[in-house]
file start_38.cif (mmCIF, C-alpha atoms)
data_data
loop_
_atom_site.group_PDB
_atom_site.id
_atom_site.type_symbol
_atom_site.label_atom_id
_atom_site.label_comp_id
_atom_site.auth_asym_id
_atom_site.auth_seq_id
_atom_site.Cartn_x
_atom_site.Cartn_y
_atom_site.Cartn_z
ATOM 1 C CA MET A 28 9.138 30.899 -3.109
ATOM 2 C CA ALA A 29 9.295 29.243 -6.507
ATOM 3 C CA LEU A 30 12.919 28.381 -5.815
ATOM 4 C CA VAL A 31 12.035 26.678 -2.525
ATOM 5 C CA LEU A 32 9.324 24.688 -4.301
ATOM 6 C CA ASP A 33 11.744 23.684 -7.061
ATOM 7 C CA ILE A 34 14.333 22.507 -4.539
ATOM 8 C CA LEU A 35 11.680 20.494 -2.709
ATOM 9 C CA ILE A 36 10.458 18.937 -5.977
ATOM 10 C CA TRP A 37 13.954 17.923 -7.048
ATOM 11 C CA LEU A 38 14.739 16.580 -3.603
ATOM 12 C CA LEU A 39 11.634 14.378 -3.642
ATOM 13 C CA ILE A 40 12.156 13.165 -7.213
ATOM 14 C CA GLY A 41 15.870 12.572 -6.578
ATOM 15 C CA LEU A 42 15.116 10.511 -3.469
ATOM 16 C CA GLY A 43 12.489 8.581 -5.433
ATOM 17 C CA GLY A 44 15.101 7.847 -8.079
ATOM 18 C CA PHE A 45 17.566 6.720 -5.438
ATOM 19 C CA PHE A 46 15.092 4.246 -3.947
ATOM 20 C CA SER A 47 14.052 2.939 -7.370
ATOM 21 C CA VAL A 48 17.694 2.305 -8.303
ATOM 22 C CA THR A 49 18.216 0.669 -4.897
ATOM 23 C CA ALA A 50 15.322 -1.667 -5.668
ATOM 24 C CA GLY A 51 16.978 -2.662 -8.940
ATOM 25 C CA VAL A 52 20.373 -3.240 -7.330
ATOM 26 C CA GLY A 53 18.731 -5.207 -4.514
ATOM 27 C CA VAL A 54 16.972 -7.504 -6.950
ATOM 28 C CA VAL A 55 20.323 -8.291 -8.557
ATOM 29 C CA ARG A 56 22.370 -8.611 -5.362
ATOM 30 C CA PHE A 57 20.137 -10.574 -2.993
ATOM 31 C CA PRO A 58 20.703 -14.322 -2.860
ATOM 32 C CA ASP A 59 17.339 -15.923 -3.586
ATOM 33 C CA PHE A 60 13.841 -15.437 -4.840
ATOM 34 C CA TYR A 61 12.156 -14.461 -1.574
ATOM 35 C CA SER A 62 14.756 -11.990 -0.403
ATOM 36 C CA ARG A 63 14.820 -10.396 -3.870
ATOM 37 C CA LEU A 64 11.173 -9.548 -3.499
ATOM 38 C CA HIS A 65 11.873 -7.420 -0.420
ATOM 39 C CA PRO A 66 13.534 -4.558 -2.320
ATOM 40 C CA ALA A 67 11.146 -5.061 -5.246
ATOM 41 C CA GLY A 68 8.073 -4.781 -3.034
ATOM 42 C CA LYS A 69 9.221 -2.065 -0.650
ATOM 43 C CA ASN A 70 11.739 0.270 -2.241
ATOM 44 C CA ASP A 71 9.801 0.423 -5.483
ATOM 45 C CA THR A 72 6.669 1.484 -3.626
ATOM 46 C CA LEU A 73 8.495 4.240 -1.789
ATOM 47 C CA GLY A 74 10.182 5.289 -5.045
ATOM 48 C CA VAL A 75 6.853 5.766 -6.790
ATOM 49 C CA LEU A 76 5.431 7.445 -3.689
ATOM 50 C CA LEU A 77 8.252 10.004 -3.638
ATOM 51 C CA PHE A 78 7.986 10.625 -7.398
ATOM 52 C CA CYS A 79 4.280 11.293 -6.984
ATOM 53 C CA ALA A 80 4.900 13.563 -3.994
ATOM 54 C CA GLY A 81 7.354 15.558 -6.111
ATOM 55 C CA MET A 82 4.884 15.887 -8.970
ATOM 56 C CA LEU A 83 2.156 16.820 -6.476
ATOM 57 C CA VAL A 84 4.205 19.784 -5.317
ATOM 58 C CA GLU A 85 4.803 20.707 -8.967
ATOM 59 C CA CYS A 86 1.027 20.677 -9.538
ATOM 60 C CA LEU A 87 0.497 23.349 -6.908
ATOM 61 C CA LYS A 88 2.148 25.879 -9.232
ATOM 62 C CA TYR A 89 -0.648 25.783 -11.807
ATOM 63 C CA ASP A 90 -4.344 26.678 -11.994
ATOM 64 C CA TYR A 91 -6.515 23.567 -12.002
ATOM 65 C CA GLY A 92 -3.475 21.691 -10.684
ATOM 66 C CA TYR A 93 -5.677 20.347 -7.901
ATOM 67 C CA LEU A 94 -7.359 18.009 -10.384
ATOM 68 C CA VAL A 95 -4.035 16.428 -11.319
ATOM 69 C CA ALA A 96 -3.058 16.441 -7.637
ATOM 70 C CA GLY A 97 -6.206 14.499 -6.798
ATOM 71 C CA ARG A 98 -5.367 11.911 -9.436
ATOM 72 C CA LEU A 99 -1.833 11.619 -8.089
ATOM 73 C CA VAL A 100 -3.168 10.988 -4.581
ATOM 74 C CA LEU A 101 -5.439 8.266 -5.962
ATOM 75 C CA MET A 102 -2.469 6.759 -7.783
ATOM 76 C CA VAL A 103 -0.373 6.662 -4.628
ATOM 77 C CA LEU A 104 -3.201 5.031 -2.650
ATOM 78 C CA PHE A 105 -3.647 2.457 -5.412
ATOM 79 C CA MET A 106 0.085 1.747 -5.570
ATOM 80 C CA MET A 107 0.239 1.306 -1.804
ATOM 81 C CA MET A 108 -2.463 -1.362 -2.032
ATOM 82 C CA ALA A 109 -1.488 -3.032 -5.312
ATOM 83 C CA SER A 110 2.249 -3.408 -4.915
ATOM 84 C CA PRO A 111 2.227 -5.436 -1.656
ATOM 85 C CA ILE A 112 -0.624 -7.566 -3.001
ATOM 86 C CA ALA A 113 1.343 -8.334 -6.169
ATOM 87 C CA CYS A 114 4.398 -9.088 -4.046
ATOM 88 C CA HIS A 115 2.349 -11.384 -1.816
ATOM 89 C CA ALA A 116 0.783 -13.175 -4.807
ATOM 90 C CA ILE A 117 4.194 -13.868 -6.365
ATOM 91 C CA THR A 118 5.733 -15.149 -3.104
ATOM 92 C CA GLN A 119 2.724 -17.337 -2.389
ATOM 93 C CA ALA A 120 2.931 -18.834 -5.882
ATOM 94 C CA ALA A 121 6.629 -19.581 -5.328
ATOM 95 C CA TRP A 122 5.920 -21.075 -1.894
ATOM 96 C CA LEU A 123 3.141 -23.315 -3.201
ATOM 97 C CA ASP A 124 5.452 -24.371 -6.014
ATOM 98 C CA GLY A 125 8.005 -25.523 -3.435
ATOM 99 C CA VAL A 126 10.788 -22.952 -3.844
ATOM 100 C CA LYS A 127 13.063 -23.388 -0.802
ATOM 101 C CA PRO A 128 14.084 -20.205 1.012
ATOM 102 C CA TRP A 129 17.803 -19.431 1.152
ATOM 103 C CA ARG A 130 19.468 -19.718 4.567
ATOM 104 C CA LYS A 131 22.591 -17.948 5.737
ATOM 105 C CA GLY A 132 25.787 -19.713 4.582
ATOM 106 C CA GLU A 133 24.386 -21.346 1.474
ATOM 107 C CA PRO A 134 25.681 -20.323 -1.956
ATOM 108 C CA ARG A 135 23.571 -17.691 -3.649
ATOM 109 C CA ARG A 136 21.218 -18.756 -6.381
ATOM 110 C CA MET B 1251 -29.213 3.195 3.488
ATOM 111 C CA LEU B 1252 -26.623 5.580 4.882
ATOM 112 C CA ARG B 1253 -23.866 3.372 3.525
ATOM 113 C CA HIS B 1254 -25.284 3.542 0.022
ATOM 114 C CA LEU B 1255 -25.538 7.304 0.241
ATOM 115 C CA ILE B 1256 -21.891 7.447 1.274
ATOM 116 C CA LEU B 1257 -20.917 5.115 -1.563
ATOM 117 C CA PHE B 1258 -22.779 7.356 -3.995
ATOM 118 C CA VAL B 1259 -21.021 10.491 -2.754
ATOM 119 C CA VAL B 1260 -17.614 8.778 -2.842
ATOM 120 C CA LEU B 1261 -18.247 7.608 -6.409
ATOM 121 C CA LEU B 1262 -19.262 11.128 -7.404
ATOM 122 C CA GLY B 1263 -16.028 12.478 -5.933
ATOM 123 C CA PHE B 1264 -14.097 9.809 -7.811
ATOM 124 C CA TRP B 1265 -15.774 10.744 -11.071
ATOM 125 C CA ALA B 1266 -15.153 14.444 -10.516
ATOM 126 C CA ILE B 1267 -11.435 13.912 -9.875
ATOM 127 C CA LEU B 1268 -10.884 11.515 -12.743
ATOM 128 C CA SER B 1269 -12.883 13.361 -15.390
ATOM 129 C CA GLY B 1270 -12.057 16.915 -14.380
ATOM 130 C CA GLN B 1271 -14.997 18.192 -16.434
ATOM 131 C CA LEU B 1272 -16.758 20.447 -13.964
ATOM 132 C CA ASP B 1273 -17.899 23.425 -16.047
ATOM 133 C CA TRP B 1274 -21.710 23.450 -15.941
ATOM 134 C CA THR B 1275 -21.966 26.273 -18.531
ATOM 135 C CA ASP B 1276 -20.294 24.186 -21.255
ATOM 136 C CA GLY B 1277 -22.830 21.961 -23.042
ATOM 137 C CA HIS B 1278 -20.459 19.063 -23.643
ATOM 138 C CA GLN B 1279 -19.187 19.031 -20.073
ATOM 139 C CA ARG B 1280 -22.762 19.265 -18.819
ATOM 140 C CA TYR B 1281 -23.564 16.117 -20.786
ATOM 141 C CA LEU B 1282 -20.537 14.322 -19.296
ATOM 142 C CA MET B 1283 -21.447 15.366 -15.753
ATOM 143 C CA THR B 1284 -24.984 14.044 -16.228
ATOM 144 C CA CYS B 1285 -23.528 10.757 -17.457
ATOM 145 C CA GLY B 1286 -21.330 10.658 -14.347
ATOM 146 C CA VAL B 1287 -24.229 11.167 -11.953
ATOM 147 C CA VAL B 1288 -26.318 8.551 -13.755
ATOM 148 C CA SER B 1289 -23.552 5.938 -13.754
ATOM 149 C CA CYS B 1290 -22.751 6.582 -10.080
ATOM 150 C CA ALA B 1291 -26.423 6.088 -9.252
ATOM 151 C CA LEU B 1292 -26.466 2.905 -11.340
ATOM 152 C CA ALA B 1293 -23.379 1.530 -9.611
ATOM 153 C CA THR B 1294 -24.900 2.282 -6.199
ATOM 154 C CA LEU B 1295 -28.166 0.640 -7.205
ATOM 155 C CA LEU B 1296 -26.357 -2.472 -8.433
ATOM 156 C CA SER B 1297 -24.225 -2.784 -5.300
ATOM 157 C CA TRP B 1298 -27.415 -2.488 -3.247
ATOM 158 C CA ARG B 1299 -29.033 -5.257 -5.313
ATOM 159 C CA VAL B 1300 -25.976 -7.494 -4.905
ATOM 160 C CA GLY B 1301 -25.812 -6.811 -1.160
ATOM 161 C CA PHE B 1302 -22.235 -5.654 -1.494
ATOM 162 C CA LEU B 1303 -22.192 -3.380 1.540
ATOM 163 C CA GLU B 1304 -23.889 -5.612 4.096
ATOM 164 C CA LYS B 1305 -20.943 -7.911 4.643
ATOM 165 C CA GLU B 1306 -18.476 -6.402 7.053
ATOM 166 C CA GLY B 1307 -18.230 -4.025 10.029
ATOM 167 C CA ASN B 1308 -18.647 -0.295 10.133
ATOM 168 C CA TYR B 1309 -16.722 1.199 7.212
ATOM 169 C CA LEU B 1310 -17.155 4.794 8.267
ATOM 170 C CA ARG B 1311 -15.702 4.307 11.706
ATOM 171 C CA MET B 1312 -12.928 2.195 10.230
ATOM 172 C CA ALA B 1313 -12.126 4.824 7.610
ATOM 173 C CA ALA B 1314 -11.949 7.525 10.281
ATOM 174 C CA ARG B 1315 -9.604 5.416 12.403
ATOM 175 C CA GLN B 1316 -7.509 4.497 9.398
ATOM 176 C CA PHE B 1317 -6.117 7.961 8.918
ATOM 177 C CA PRO B 1318 -3.745 8.000 11.922
ATOM 178 C CA TYR B 1319 -2.834 4.419 11.103
ATOM 179 C CA LEU B 1320 -1.940 5.423 7.526
ATOM 180 C CA CYS B 1321 0.278 8.240 8.819
ATOM 181 C CA TRP B 1322 2.038 5.833 11.181
ATOM 182 C CA LEU B 1323 2.378 3.308 8.339
ATOM 183 C CA LEU B 1324 3.976 5.912 6.060
ATOM 184 C CA TRP B 1325 6.587 6.616 8.718
ATOM 185 C CA GLN B 1326 7.210 2.875 9.143
ATOM 186 C CA ILE B 1327 7.557 2.485 5.357
ATOM 187 C CA LEU B 1328 10.258 5.169 5.384
ATOM 188 C CA LEU B 1329 12.108 3.409 8.219
ATOM 189 C CA SER B 1330 11.897 -0.041 6.641
ATOM 190 C CA ASN B 1331 12.944 1.307 3.259
ATOM 191 C CA TRP B 1332 15.980 2.863 4.814
ATOM 192 C CA ASP B 1333 16.718 -0.494 6.459
ATOM 193 C CA VAL B 1334 16.400 -2.489 3.227
ATOM 194 C CA ALA B 1335 18.365 0.125 1.256
ATOM 195 C CA ARG B 1336 21.161 -0.119 3.838
ATOM 196 C CA ARG B 1337 21.253 -3.889 3.443
ATOM 197 C CA VAL B 1338 21.213 -3.636 -0.346
ATOM 198 C CA TRP B 1339 24.190 -1.279 -0.480
ATOM 199 C CA SER B 1340 26.288 -2.726 2.368
ATOM 200 C CA PRO B 1341 29.213 -4.751 0.959
ATOM 201 C CA LYS B 1342 28.808 -7.555 3.524
ATOM 202 C CA MET B 1343 25.055 -7.789 2.874
ATOM 203 C CA ASP B 1344 24.151 -8.841 6.399
ATOM 204 C CA ILE B 1345 20.898 -10.694 5.877
ATOM 205 C CA ASP B 1346 19.689 -13.844 7.581
ATOM 206 C CA PRO B 1347 16.368 -14.695 5.932
ATOM 207 C CA ALA B 1348 13.912 -17.073 7.533
ATOM 208 C CA MET B 1349 10.292 -18.195 7.286
ATOM 209 C CA THR B 1350 8.227 -17.680 10.432
ATOM 210 C CA ARG B 1351 4.617 -18.193 11.387
ATOM 211 C CA THR B 1352 2.768 -15.498 13.265
ATOM 212 C CA PRO B 1353 -0.795 -15.752 14.617
ATOM 213 C CA TYR B 1354 -3.502 -13.151 14.141
ATOM 214 C CA LYS B 1355 -6.796 -12.520 15.893
ATOM 215 C CA LEU B 1356 -8.424 -10.013 13.554
ATOM 216 C CA LYS B 1357 -12.102 -10.532 12.811
ATOM 217 C CA SER B 1358 -12.864 -9.157 9.347
ATOM 218 C CA GLU B 1359 -11.229 -10.072 6.066
ATOM 219 C CA LEU B 1360 -10.532 -6.417 5.368
ATOM 220 C CA ALA B 1361 -8.502 -6.080 8.568
ATOM 221 C CA VAL B 1362 -6.496 -9.203 7.742
ATOM 222 C CA ALA B 1363 -5.806 -7.776 4.279
ATOM 223 C CA ILE B 1364 -4.655 -4.488 5.827
ATOM 224 C CA TYR B 1365 -2.410 -6.367 8.246
ATOM 225 C CA ALA B 1366 -0.905 -8.591 5.540
ATOM 226 C CA ASN B 1367 -0.260 -5.605 3.281
ATOM 227 C CA SER B 1368 1.295 -3.636 6.112
ATOM 228 C CA ILE B 1369 3.608 -6.562 6.863
ATOM 229 C CA THR B 1370 4.731 -6.647 3.249
ATOM 230 C CA LEU B 1371 5.344 -2.904 3.226
ATOM 231 C CA THR B 1372 7.236 -2.743 6.489
ATOM 232 C CA PRO B 1373 9.897 -4.056 8.726
ATOM 233 C CA GLY B 1374 11.892 -6.281 6.387
ATOM 234 C CA THR B 1375 9.083 -8.822 6.108
ATOM 235 C CA VAL B 1376 6.857 -10.159 3.312
ATOM 236 C CA THR B 1377 3.583 -12.020 3.834
ATOM 237 C CA VAL B 1378 3.852 -15.325 1.970
ATOM 238 C CA GLN B 1379 0.614 -17.059 2.859
ATOM 239 C CA ILE B 1380 -2.549 -16.440 4.853
ATOM 240 C CA ASP B 1381 -3.803 -19.558 6.638
ATOM 241 C CA SER B 1382 -7.340 -18.630 7.591
ATOM 242 C CA ASP B 1383 -8.084 -22.022 9.175
ATOM 243 C CA LYS B 1384 -5.293 -21.887 11.717
ATOM 244 C CA ARG B 1385 -5.471 -18.085 11.747
ATOM 245 C CA GLU B 1386 -1.786 -17.749 11.008
ATOM 246 C CA LEU B 1387 0.344 -15.783 8.591
ATOM 247 C CA LEU B 1388 3.437 -17.248 6.982
ATOM 248 C CA VAL B 1389 5.994 -14.459 6.883
ATOM 249 C CA HIS B 1390 9.387 -14.273 5.193
ATOM 250 C CA GLN B 1391 11.804 -11.976 6.994
ATOM 251 C CA LEU B 1392 15.160 -10.600 5.930
ATOM 252 C CA SER B 1393 16.633 -10.668 9.426
ATOM 253 C CA ASP B 1394 15.695 -11.840 12.899
ATOM 254 C CA GLY B 1395 13.944 -9.864 15.593
ATOM 255 C CA ASN B 1396 10.757 -8.617 13.972
ATOM 256 C CA GLY B 1397 8.390 -10.382 16.385
ATOM 257 C CA GLU B 1398 7.698 -7.350 18.564
ATOM 258 C CA ALA B 1399 7.218 -5.052 15.589
ATOM 259 C CA LEU B 1400 4.696 -7.439 14.035
ATOM 260 C CA LYS B 1401 2.787 -7.724 17.324
ATOM 261 C CA ASP B 1402 2.681 -3.952 17.688
ATOM 262 C CA MET B 1403 1.401 -3.614 14.124
ATOM 263 C CA HIS B 1404 -1.232 -6.308 14.695
ATOM 264 C CA ASN B 1405 -2.583 -4.466 17.726
ATOM 265 C CA ARG B 1406 -2.725 -1.197 15.839
ATOM 266 C CA VAL B 1407 -4.753 -2.858 13.061
ATOM 267 C CA ALA B 1408 -7.006 -4.423 15.725
ATOM 268 C CA ARG B 1409 -7.653 -0.949 17.122
ATOM 269 C CA VAL B 1410 -8.510 0.318 13.626
ATOM 270 C CA GLU B 1411 -10.946 -2.572 13.280
ATOM 271 C CA GLY B 1412 -12.306 -1.754 16.727
ATOM 272 C CA GLU B 1413 -13.665 -5.178 17.657
ATOM 273 C CA GLY B 1414 -11.077 -6.173 20.225
ATOM 274 C CA GLY B 1415 -8.929 -9.153 19.372
ATOM 275 C CA GLU B 1416 -5.534 -7.720 20.266
ATOM 276 C CA LEU B 1417 -2.718 -10.197 20.659
#

call {"tool": "encode", "arguments": {"input": "start_38.cif", "output": "structure tokens"}}
result
Amino acid sequence: MALVLDILIWLLIGLGGFFSVTAGVGVVRFPDFYSRLHPAGKNDTLGVLLFCAGMLVECLKYDYGYLVAGRLVLMVLFMMMASPIACHAITQAAWLDGVKPWRKGEPRR
Amino acid sequence: MLRHLILFVVLLGFWAILSGQLDWTDGHQRYLMTCGVVSCALATLLSWRVGFLEKEGNYLRMAARQFPYLCWLLWQILLSNWDVARRVWSPKMDIDPAMTRTPYKLKSELAVAIYANSITLTPGTVTVQIDSDKRELLVHQLSDGNGEALKDMHNRVARVEGEGGEL
């Protein structure tokens, strides 16, 4: 049973790591400001979500783990609200400042 | 009145989770728990004085309806993440970004916020600006063909809100 839990935990944390790295690579590879924010806003959120899910499963092993589990759930809910809002605030600032979106065929910036 | 009671209970739950001090036999923890109850009551009292809870529709019903929506949203987040990850790692990087405007007919500010956040989290789109005069959202998308998905999402949020106004 403990082995199954461990495998599940490592699977979740590994996937979270994969998506976080993907977010980083996406930020470097994408051509302009707006498209860079897509991986930063989405993959990062899922990365954190999966990390927290992994740690949540880990919590179930211990007494009083439910307290930490509750905090993790709160964290995930907060992240799911805060990260898109931050993303939106940054894009809106760029848009109001007159940053032109990249179109297909242009050189990358 | 009911709303304030609910707020009080929710705040108590919040306190209990965050502090984790729930042993009534321990003198120190007993003191902390009393402080928690008092500050929750104070916060509820203040929000009643400010009229914080009288603004928008029925929170309870909305919260109950939000649960299936959240589950659906989680699934959509997984799908869209897979989509973006595929684009990030593909050597050709097939993206064709564009700015589009999409209308909305949601009534409350909360529902618009939920919709805008959901757009940012899902199908290869980011909300850039909310134009509340024209009732339009300015959306940046990584590739074409998200119109139907956005419409579907809008109608789901409208059902969560429960005041009609589907597209």

call {"tool": "closest_atom_pairs", "arguments": {"input": "start_38.cif", "of": "range 1271-1358 of chain B", "to": "range 1391-1411 of chain B", "cutoff": "12 Å", "atoms": "only C-alpha atoms", "output": "Markdown table"}}
result
| residue | atom | partner | partner_atom | distance |
| --- | --- | --- | --- | --- |
| B:Glu1306 | CA | B:Glu1411 | CA | 10.5 |
| B:Gly1307 | CA | B:Glu1411 | CA | 8.1 |
| B:Asn1308 | CA | B:Glu1411 | CA | 8.6 |
| B:Tyr1309 | CA | B:Glu1411 | CA | 9.2 |
| B:Leu1310 | CA | B:Glu1411 | CA | 10.9 |
| B:Arg1311 | CA | B:Val1410 | CA | 8.4 |
| B:Met1312 | CA | B:Val1410 | CA | 5.9 |
| B:Ala1313 | CA | B:Val1410 | CA | 8.3 |
| B:Ala1314 | CA | B:Val1410 | CA | 8.7 |
| B:Arg1315 | CA | B:Val1410 | CA | 5.4 |
| B:Gln1316 | CA | B:Val1410 | CA | 6.0 |
| B:Phe1317 | CA | B:Val1410 | CA | 9.3 |
| B:Pro1318 | CA | B:Val1410 | CA | 9.2 |
| B:Tyr1319 | CA | B:Arg1406 | CA | 7.3 |
| B:Leu1320 | CA | B:Val1410 | CA | 10.3 |
| B:Trp1322 | CA | B:Arg1406 | CA | 9.7 |
| B:Leu1323 | CA | B:Met1403 | CA | 9.1 |
| B:Gln1326 | CA | B:Met1403 | CA | 10.0 |
| B:Ser1330 | CA | B:Leu1392 | CA | 11.1 |
| B:Asp1333 | CA | B:Leu1392 | CA | 10.2 |
| B:Val1334 | CA | B:Leu1392 | CA | 8.6 |
| B:Arg1337 | CA | B:Leu1392 | CA | 9.4 |
| B:Val1338 | CA | B:Leu1392 | CA | 11.2 |
| B:Met1343 | CA | B:Leu1392 | CA | 10.7 |
| B:Asp1344 | CA | B:Ser1393 | CA | 8.3 |
| B:Ile1345 | CA | B:Ser1393 | CA | 5.5 |
| B:Asp1346 | CA | B:Ser1393 | CA | 4.8 |
| B:Pro1347 | CA | B:Leu1392 | CA | 4.3 |
| B:Ala1348 | CA | B:Gln1391 | CA | 5.5 |
| B:Met1349 | CA | B:Gln1391 | CA | 6.4 |
| B:Thr1350 | CA | B:Gln1391 | CA | 7.6 |
| B:Arg1351 | CA | B:Gly1397 | CA | 10.0 |
| B:Thr1352 | CA | B:Gly1397 | CA | 8.2 |
| B:Pro1353 | CA | B:Lys1401 | CA | 9.2 |
| B:Tyr1354 | CA | B:His1404 | CA | 7.2 |
| B:Lys1355 | CA | B:Ala1408 | CA | 8.1 |
| B:Leu1356 | CA | B:Ala1408 | CA | 6.2 |
| B:Lys1357 | CA | B:Glu1411 | CA | 8.1 |
| B:Ser1358 | CA | B:Glu1411 | CA | 7.9 |

call {"tool": "write_last_selection", "arguments": {"input": "start_38.cif", "atoms": "C-alpha atoms", "output": "mmCIF file, in the frame of the given file"}}
result
data_model
loop_
_atom_site.group_PDB
_atom_site.id
_atom_site.type_symbol
_atom_site.label_atom_id
_atom_site.label_comp_id
_atom_site.auth_asym_id
_atom_site.auth_seq_id
_atom_site.Cartn_x
_atom_site.Cartn_y
_atom_site.Cartn_z
ATOM 1 C CA GLU B 1306 -18.476 -6.402 7.053
ATOM 2 C CA GLY B 1307 -18.230 -4.025 10.029
ATOM 3 C CA ASN B 1308 -18.647 -0.295 10.133
ATOM 4 C CA TYR B 1309 -16.722 1.199 7.212
ATOM 5 C CA LEU B 1310 -17.155 4.794 8.267
ATOM 6 C CA ARG B 1311 -15.702 4.307 11.706
ATOM 7 C CA MET B 1312 -12.928 2.195 10.230
ATOM 8 C CA ALA B 1313 -12.126 4.824 7.610
ATOM 9 C CA ALA B 1314 -11.949 7.525 10.281
ATOM 10 C CA ARG B 1315 -9.604 5.416 12.403
ATOM 11 C CA GLN B 1316 -7.509 4.497 9.398
ATOM 12 C CA PHE B 1317 -6.117 7.961 8.918
ATOM 13 C CA PRO B 1318 -3.745 8.000 11.922
ATOM 14 C CA TYR B 1319 -2.834 4.419 11.103
ATOM 15 C CA LEU B 1320 -1.940 5.423 7.526
ATOM 16 C CA TRP B 1322 2.038 5.833 11.181
ATOM 17 C CA LEU B 1323 2.378 3.308 8.339
ATOM 18 C CA GLN B 1326 7.210 2.875 9.143
ATOM 19 C CA SER B 1330 11.897 -0.041 6.641
ATOM 20 C CA ASP B 1333 16.718 -0.494 6.459
ATOM 21 C CA VAL B 1334 16.400 -2.489 3.227
ATOM 22 C CA ARG B 1337 21.253 -3.889 3.443
ATOM 23 C CA VAL B 1338 21.213 -3.636 -0.346
ATOM 24 C CA MET B 1343 25.055 -7.789 2.874
ATOM 25 C CA ASP B 1344 24.151 -8.841 6.399
ATOM 26 C CA ILE B 1345 20.898 -10.694 5.877
ATOM 27 C CA ASP B 1346 19.689 -13.844 7.581
ATOM 28 C CA PRO B 1347 16.368 -14.695 5.932
ATOM 29 C CA ALA B 1348 13.912 -17.073 7.533
ATOM 30 C CA MET B 1349 10.292 -18.195 7.286
ATOM 31 C CA THR B 1350 8.227 -17.680 10.432
ATOM 32 C CA ARG B 1351 4.617 -18.193 11.387
ATOM 33 C CA THR B 1352 2.768 -15.498 13.265
ATOM 34 C CA PRO B 1353 -0.795 -15.752 14.617
ATOM 35 C CA TYR B 1354 -3.502 -13.151 14.141
ATOM 36 C CA LYS B 1355 -6.796 -12.520 15.893
ATOM 37 C CA LEU B 1356 -8.424 -10.013 13.554
ATOM 38 C CA LYS B 1357 -12.102 -10.532 12.811
ATOM 39 C CA SER B 1358 -12.864 -9.157 9.347
#

call {"tool": "residues_around", "arguments": {"input": "start_38.cif", "residues": "Val55 in chain A", "least_positions_apart": "3", "cutoff": "12 Å", "atoms": "all atoms listed in the file", "output": "mmCIF file with C-alpha atoms, in the frame of the given file"}}
result
data_model
loop_
_atom_site.group_PDB
_atom_site.id
_atom_site.type_symbol
_atom_site.label_atom_id
_atom_site.label_comp_id
_atom_site.auth_asym_id
_atom_site.auth_seq_id
_atom_site.Cartn_x
_atom_site.Cartn_y
_atom_site.Cartn_z
ATOM 1 C CA VAL A 48 17.694 2.305 -8.303
ATOM 2 C CA THR A 49 18.216 0.669 -4.897
ATOM 3 C CA ALA A 50 15.322 -1.667 -5.668
ATOM 4 C CA GLY A 51 16.978 -2.662 -8.940
ATOM 5 C CA VAL A 52 20.373 -3.240 -7.330
ATOM 6 C CA PRO A 58 20.703 -14.322 -2.860
ATOM 7 C CA ASP A 59 17.339 -15.923 -3.586
ATOM 8 C CA PHE A 60 13.841 -15.437 -4.840
ATOM 9 C CA SER A 62 14.756 -11.990 -0.403
ATOM 10 C CA ARG A 63 14.820 -10.396 -3.870
ATOM 11 C CA LEU A 64 11.173 -9.548 -3.499
ATOM 12 C CA HIS A 65 11.873 -7.420 -0.420
ATOM 13 C CA PRO A 66 13.534 -4.558 -2.320
ATOM 14 C CA ALA A 67 11.146 -5.061 -5.246
ATOM 15 C CA ARG A 135 23.571 -17.691 -3.649
ATOM 16 C CA ARG A 136 21.218 -18.756 -6.381
ATOM 17 C CA VAL B 1338 21.213 -3.636 -0.346
ATOM 18 C CA TRP B 1339 24.190 -1.279 -0.480
#

call {"tool": "closest_atom_pairs", "arguments": {"input": "start_38.cif", "of": "chain B", "to": "chain A", "cutoff": "6 Å", "atoms": "all atoms listed in the file", "output": "Markdown table"}}
result
| residue | atom | partner | partner_atom | distance |
| --- | --- | --- | --- | --- |
| B:Ile1267 | CA | A:Leu94 | CA | 5.8 |
| B:Asn1331 | CA | A:Asn70 | CA | 5.7 |
| B:Val1338 | CA | A:Gly53 | CA | 5.1 |
| B:Asp1346 | CA | A:Lys131 | CA | 5.4 |
| B:Asn1367 | CA | A:Pro111 | CA | 5.5 |
| B:Thr1370 | CA | A:Pro111 | CA | 5.6 |
| B:Leu1371 | CA | A:Lys69 | CA | 5.5 |
| B:Thr1377 | CA | A:His115 | CA | 5.8 |
| B:Val1378 | CA | A:Gln119 | CA | 4.9 |
| B:Gln1379 | CA | A:Gln119 | CA | 5.7 |

call {"tool": "atom_distance", "arguments": {"input": "start_38.cif", "atom1": "CA of Leu30 in chain A", "atom2": "CA of Glu85 in chain A"}}
result
11.6 Å

call {"tool": "atom_distance", "arguments": {"input": "start_38.cif", "atom1": "CA of Leu1257 in chain B", "atom2": "CA of Met82 in chain A"}}
result
28.9 Å

call {"tool": "atom_distance", "arguments": {"input": "start_38.cif", "atom1": "CA of Trp1274 in chain B", "atom2": "CA of Leu99 in chain A"}}
result
24.4 Å

call {"tool": "closest_residue", "arguments": {"input": "start_38.cif", "among": "B:Leu1388, B:Val1376, B:Leu1292, B:Ile1369", "to": "His1254 in chain B", "atoms": "all atoms listed in the file"}}
result
B:Leu1292

call {"tool": "closest_residue", "arguments": {"input": "start_38.cif", "among": "B:Ser1368, B:Asp1276, B:Leu1328, B:Val1362", "to": "Asp1381 in chain B", "atoms": "only C-alpha atoms"}}
result
B:Val1362

call {"tool": "residues_near_point", "arguments": {"input": "start_38.cif", "point": "(-30.1, 3.3, -4.8)", "cutoff": "12 Å", "atoms": "all atoms listed in the file", "output": "PyMOL selection string"}}
result
chain B and resi 1251-1259+1288-1301

call {"tool": "residues_around", "arguments": {"input": "start_38.cif", "residues": "Val31 in chain A", "least_positions_apart": "6", "cutoff": "12 Å", "atoms": "all atoms listed in the file", "output": "list in words"}}
result
Trp37, Leu38, Val84, Glu85 and Lys88 of chain A

call {"tool": "residues_around", "arguments": {"input": "start_38.cif", "residues": "Ile40 in chain A", "least_positions_apart": "2", "cutoff": "8 Å", "atoms": "only C-alpha atoms", "output": "number ranges by chain"}}
result
A: 36-38, 42-44, 77-78, 80-82
